[in-house]
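Down below is the structure, laid out as structure tokens.
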Amino acid sequence: LLENKLIKAETFDLMRENQTPNKVGNPYGLGVVLYGQAEDPGSAIGHAGAQTGSSAQIMIIPSKKTVIVALANTSHVWEKVIGFTVDLIGFADAKGEKG
């Protein structure tokens with residue numbers, strides 16, 4: 001996605017356009033949740049998934065060319081999985097600053 005090998009850059013840009021302008025909370029693009037500040041939705045995109053026995057979250061930060069995936073072999077822990085994913089974003093930021 002980040003290197004435009006799977007889809008064209010224009011398509012990736014469309015995915016990050018808000019398709020739910022009246023939604024309270026994180027807006028939704030084409031197949032992804034738009035994360036980030038209200039003035040910059042889509043600075044991070046992602047999606048959660050779950051089924052019996054598992055929970056998952058993917059988070060993509062295009063400006064940092066970073067993708068984080070968190071998986072848990074436990075049901076009903078999505079909130080913890082996304083929290084862990086956000087923590088990993090902070091960790092990736094800190095590692096990047098140290099060079």
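As shown in the structure tokens, the chain order sets the letters A, B, ...; within each chain, residues go from 1, and ligands are also counted from 1 in the order they appear.
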
Practice task
Compile the contact shell of A:Val32 as an NGL selection string: residues with an atom at most 9 Å away, counting only C-alpha atoms, same-chain residues fewer than 3 positions apart removed.
Solution key: :A and (15-16 or 27-29 or 45-47)

So that I have them on file, write out the residues from the current selection with all heavy atoms, as a tab-separated table (two decimals), in the first residue's frame.
chain	number	residue	atom	x	y	z
A	15	MET	N	-9.10	6.04	-0.49
A	15	MET	CA	-9.38	5.28	0.73
A	15	MET	C	-9.36	6.18	1.95
A	15	MET	O	-10.09	5.95	2.91
A	15	MET	CB	-8.34	4.17	0.92
A	15	MET	CG	-8.48	3.02	-0.02
A	15	MET	SD	-7.12	1.82	0.18
A	15	MET	CE	-7.34	1.30	1.88
A	16	ARG	N	-8.53	7.21	1.92
A	16	ARG	CA	-8.34	8.09	3.08
A	16	ARG	C	-9.27	9.30	3.07
A	16	ARG	O	-9.15	10.17	3.92
A	16	ARG	CB	-6.88	8.52	3.17
A	16	ARG	CG	-5.98	7.32	3.44
A	16	ARG	CD	-4.54	7.70	3.60
A	16	ARG	NE	-3.99	8.10	2.31
A	16	ARG	CZ	-2.94	8.87	2.18
A	16	ARG	NH1	-2.32	9.35	3.22
A	16	ARG	NH2	-2.50	9.17	0.97
A	27	PRO	N	-13.98	9.14	11.68
A	27	PRO	CA	-14.70	8.95	10.42
A	27	PRO	C	-14.22	7.69	9.71
A	27	PRO	O	-13.22	7.07	10.10
A	27	PRO	CB	-14.36	10.21	9.62
A	27	PRO	CG	-13.11	10.73	10.21
A	27	PRO	CD	-13.07	10.29	11.64
A	28	TYR	N	-14.94	7.33	8.67
A	28	TYR	CA	-14.64	6.12	7.91
A	28	TYR	C	-14.33	6.49	6.47
A	28	TYR	O	-15.03	7.30	5.87
A	28	TYR	CB	-15.84	5.17	7.97
A	28	TYR	CG	-15.49	3.73	7.76
A	28	TYR	CD1	-14.88	2.99	8.77
A	28	TYR	CD2	-15.76	3.10	6.56
A	28	TYR	CE1	-14.54	1.66	8.58
A	28	TYR	CE2	-15.43	1.77	6.36
A	28	TYR	CZ	-14.82	1.05	7.38
A	28	TYR	OH	-14.49	-0.26	7.18
A	29	GLY	N	-13.26	5.93	5.94
A	29	GLY	CA	-12.91	6.11	4.54
A	29	GLY	C	-13.44	4.92	3.75
A	29	GLY	O	-14.45	4.33	4.12
A	45	ILE	N	-4.50	5.42	9.34
A	45	ILE	CA	-5.69	4.67	8.96
A	45	ILE	C	-5.55	3.26	9.48
A	45	ILE	O	-4.44	2.78	9.74
A	45	ILE	CB	-5.91	4.65	7.44
A	45	ILE	CG1	-4.75	3.98	6.71
A	45	ILE	CG2	-6.14	6.06	6.91
A	45	ILE	CD1	-5.01	3.74	5.23
A	46	GLY	N	-6.67	2.60	9.66
A	46	GLY	CA	-6.59	1.24	10.14
A	46	GLY	C	-7.94	0.57	10.17
A	46	GLY	O	-8.95	1.12	9.72
A	47	HIS	N	-7.91	-0.62	10.74
A	47	HIS	CA	-9.14	-1.38	10.88
A	47	HIS	C	-8.93	-2.46	11.93
A	47	HIS	O	-7.84	-2.99	12.06
A	47	HIS	CB	-9.54	-2.03	9.56
A	47	HIS	CG	-11.01	-2.25	9.45
A	47	HIS	ND1	-11.68	-3.19	10.18
A	47	HIS	CD2	-11.94	-1.61	8.70
A	47	HIS	CE1	-12.97	-3.14	9.88
A	47	HIS	NE2	-13.15	-2.18	8.98

Exercise for the section: With a distance cut-off of 12 Å and only C-alpha atoms, select the neighbouring residues of A:Ala50, excluding the residue or stretch itself and same-chain residues fewer than 3 positions from it, and output the selection as a ChimeraX atom specification. Expected result: /A:47,53-58,70-79,81-82

Handout entry: alpha helix (DSSP H) call set, DSSP backbone run, chain A, as a ChimeraX atom specification
Key = /A:9-15,78-98
